[in-house]
Amino acid sequence: MTKSVVVAIPKKYRNRLDEELSLVNEVYGSIHDIVFISKPNYKHYIPVPKIDELKKRKDSWDTLVILDLLKPRQIIELYRLFRKEIVDRLELILKIFALHAGSKEAKLQIELARIRHELPLIREAIRYMKLGELHGYLGGGRYAIDKYYRVAKSRMARIRRELDELRRIREIRRHSRKKLGFPHISIVGYTCAGKTTLFNRLVNESKPEGPEPFTTLSPKAGSVSYNGSKYIFIDTVGFIRDIPHEIIEAFYATLEEIIYSDLVVNVVDASKNINDVLNEIRESKRILTNIGVHGKPVVIALNKIDLVNDKIVILMDKIAENFNDYYTEIIPISAKKSINIDKLLSKISSLLNDNIEK
Ligand SMILES: Nc1nc2c(ncn2[C@@H]2O[C@H](COP(=O)(O)OP(=O)(O)O)[C@@H](O)[C@H]2O)c(=O)[nH]1
Ligand SMILES: [Mg+2]
C-alpha cells in the first residue's frame with residue numbers, strides 16, 4: 001500500500017528544496033503535501049495553526065515526515081496528536097541507508113543507529129504511559145514497551161560485539177579484495193545529481209543476454225552489457241548533505257561498498273552555479289578518500305547538460321584546473337535526455353580494459 005505523505009520542511013532548506021524533497025521521494029515515492037515551517041514550536045515542532053489544519057484533513061494522509069531533527073518529546077507529542085507515523089530527518093535518512101545497505105556491517109550499523117535513536121523515544125513513551133497519557137505507541141501497552149526497551153538494550157550490546165568482530169575480519173579482507181566477477185561500477189554524487197536516472201538509463205537500455213546471476217554487495221545493482229562485456233552498476237546511497245552526526249558511522253558503512261568497485265562514476269549536476277559544482281566535487285573527493293577509495297579510475301559525469309549552454313566549457317576548464325589529481329575522465333551527459341550515454345559507457349569500458357591489461 002502506498003502511503004500518503006505530508007512533508008514539513010524548515011525554512012533553512014529553502015535553497016535546496018529539491019534535494020530535501022528528493023530524500024522523501026526516495027523512500028515514499030511521492031509527496032501528498034508540503035508544509036513550510038518558519039518557526040518551529042517548542043512542544044511539538046509544528047506550529048499550532050498548522051497542527052489544526054493537519055488534524056482537519058486527517059483522513060487524507062498517513063505519514064508526517066519532518067525534515068529536521070526533533071526531540072524525542074516532540075515526536076511523542078506529535079504521535080499523541082495524530083496517531084500516525086511520524087518520521088524526522090534522521091529516521092528518514094536511516095531508511096534511505098537501509099535501502100542501499102548490502103554488507104552485514106552496514107546493516108548492523110544502521111540497526112545500531114536506529115536503536116540509539118529509538119531508546120530516548122521509548123524512555124519518553126514509558127514516562128508518558130506511567131502518567132496514563134499514551135496508549136498504543138509502538139503497538140503496545142506499558143509492559144510491552146518496558147520489554148521493548150530491555151530487548152533493545154541487549155540487542156545493542158550484541159550488535160556492538162558483532163561489529164567489533166567484523167572489523168577484525170575486515171582488516172584481513174581489505175588486503176585481498178573480494179572477487180566479484182564482472183567489473184563493478186559505483187555511481188556516486190550528491191542527492192538529486194541524477195544518479196538514479198543515469199542508473200535506470202544504463203540498465204534499461206542494455207539488452208540482457210540471458211538471466212546470468214551476478215555477485216554484488218548492493219541491493220541497488222543492475223547489469224549492463226556493452227560491446228560484448230558485462231558490467232555491474234551500483235546506484236549508491238550517494239552523498240547526503242547535513243547527515244546528523246549520530247549516524248555518520250552508518251553512512252560510511254553504507255558507502256563502503258564503493259571500495260570494492262573497480263571504477264567510480266561521480267555524477268555532478270552541471271546546471272548549478274560553478275562554485276557549487278566545484279565545492280561538490282571537492283567534498284566528494286574528500287568523502288571518497290575518507291572511506292578509503294584510492295587508485296581507482298574516477299569518471300566525472302557532468303549531468304543535466306540539457307539545461308546548460310556554453311558555461312559547460314568554462315566549467316570543464318575549472319574542474320581540470322582544480323581536480324586533475326582526482327578524476328581520470330570527464331564527460332558531459334544528460335541522463336534524462338540520453339545525451340552522451342554511449343560515450344560514457346565506452347570510456348568506462350576502455351578504462352576498465354586498460355586496468356585489466358596492467
Ligand atoms: N534536466 C535534467 N534533469 C535531470 C537529468 N538527470 C536527472 N534529472 C532530474 O534530476 C532529479 C534528480 O534525479 P535523480 O536521478 O533522482 O537523482 P539522485 O538523487 O542523484 O538519484 C530528477 O527530477 C530527474 O528527473 C538530466 O540530465 N537533465
Ligand atoms: Mg537516487
# chains A, B, ... in the order shown; residues from 1 in each chain; ligands from 1

$ residues_near_ligand --ligand "ligand 2" --cutoff "7 Å" --atoms "only C-alpha atoms and all ligand atoms" --output "PyMOL selection string"
chain A and resi 26+191-192+194-196

$ closest_atom_pairs --of "chain A" --to "ligand 1" --cutoff "8 Å" --atoms "only C-alpha atoms and all ligand atoms" --output "Markdown table"
| residue | atom | partner | partner_atom_place_in_ligand_line | distance |
| --- | --- | --- | --- | --- |
| A:Asp18 | CA | ligand 1 | 11 (C) | 7.8 |
| A:Glu19 | CA | ligand 1 | 19 (O) | 7.3 |
| A:Ser22 | CA | ligand 1 | 19 (O) | 6.5 |
| A:Leu23 | CA | ligand 1 | 19 (O) | 7.5 |
| A:Glu26 | CA | ligand 1 | 16 (O) | 7.6 |
| A:Val188 | CA | ligand 1 | 20 (O) | 7.8 |
| A:Gly189 | CA | ligand 1 | 20 (O) | 6.3 |
| A:Tyr190 | CA | ligand 1 | 20 (O) | 5.9 |
| A:Thr191 | CA | ligand 1 | 19 (O) | 3.8 |
| A:Cys192 | CA | ligand 1 | 19 (O) | 3.4 |
| A:Ala193 | CA | ligand 1 | 20 (O) | 4.0 |
| A:Gly194 | CA | ligand 1 | 15 (O) | 3.3 |
| A:Lys195 | CA | ligand 1 | 20 (O) | 3.7 |
| A:Thr196 | CA | ligand 1 | 15 (O) | 3.7 |
| A:Thr197 | CA | ligand 1 | 15 (O) | 3.7 |
| A:Leu198 | CA | ligand 1 | 15 (O) | 6.4 |
| A:Phe199 | CA | ligand 1 | 15 (O) | 7.8 |
| A:Asp235 | CA | ligand 1 | 21 (O) | 7.6 |
| A:Gly238 | CA | ligand 1 | 20 (O) | 7.2 |
| A:Val267 | CA | ligand 1 | 20 (O) | 7.3 |
| A:Asp269 | CA | ligand 1 | 6 (N) | 8.0 |
| A:Asn303 | CA | ligand 1 | 27 (O) | 5.2 |
| A:Lys304 | CA | ligand 1 | 27 (O) | 3.4 |
| A:Ile305 | CA | ligand 1 | 27 (O) | 6.3 |
| A:Asp306 | CA | ligand 1 | 28 (N) | 5.7 |
| A:Leu307 | CA | ligand 1 | 1 (N) | 5.6 |
| A:Ile333 | CA | ligand 1 | 27 (O) | 6.6 |
| A:Ser334 | CA | ligand 1 | 27 (O) | 3.4 |
| A:Ala335 | CA | ligand 1 | 27 (O) | 4.0 |
| A:Lys336 | CA | ligand 1 | 27 (O) | 4.0 |
| A:Lys337 | CA | ligand 1 | 27 (O) | 5.8 |
| A:Ser338 | CA | ligand 1 | 27 (O) | 7.2 |
| A:Ile339 | CA | ligand 1 | 27 (O) | 7.8 |

$ atom_distance --atom1 "atom CA of Lys43 of chain A" --atom2 "atom CA of Leu81 of chain A"
11.5 Å

$ select_by_dssp --residues "segment 25-139 of chain A" --states "strand (DSSP E)" --output "number ranges by chain"
A: 33-37, 63-66, 85-88

$ residues_around --residues "Val298 of chain A" --least-positions-apart "3" --cutoff "7 Å" --atoms "only C-alpha atoms" --output "CSV table (one decimal) with N, CA, C and O atoms, in the first residue's frame"
chain,number,residue,atom,x,y,z
A,263,LEU,N,35.5,0.9,-10.5
A,263,LEU,CA,35.5,2.3,-11.1
A,263,LEU,C,34.4,3.1,-10.5
A,263,LEU,O,33.4,2.5,-10.0
A,264,VAL,N,34.7,4.4,-10.4
A,264,VAL,CA,33.6,5.2,-9.7
A,264,VAL,C,33.2,6.3,-10.8
A,264,VAL,O,34.0,6.9,-11.4
A,265,VAL,N,31.8,6.4,-10.9
A,265,VAL,CA,31.3,7.5,-11.7
A,265,VAL,C,30.7,8.5,-10.7
A,265,VAL,O,29.8,8.2,-10.0
A,266,ASN,N,31.3,9.7,-10.8
A,266,ASN,CA,30.8,10.8,-9.9
A,266,ASN,C,29.9,11.7,-10.7
A,266,ASN,O,30.3,12.4,-11.6
A,327,TYR,N,40.2,13.0,-10.9
A,327,TYR,CA,39.4,12.2,-11.9
A,327,TYR,C,40.3,11.8,-13.1
A,327,TYR,O,41.3,12.3,-13.4
A,328,THR,N,39.8,10.7,-13.7
A,328,THR,CA,40.5,10.2,-14.8
A,328,THR,C,39.9,10.7,-16.2
A,328,THR,O,40.6,11.0,-17.1
A,329,GLU,N,38.6,10.9,-16.2
A,329,GLU,CA,37.9,11.3,-17.4
A,329,GLU,C,36.8,12.2,-16.9
A,329,GLU,O,36.2,12.1,-15.8
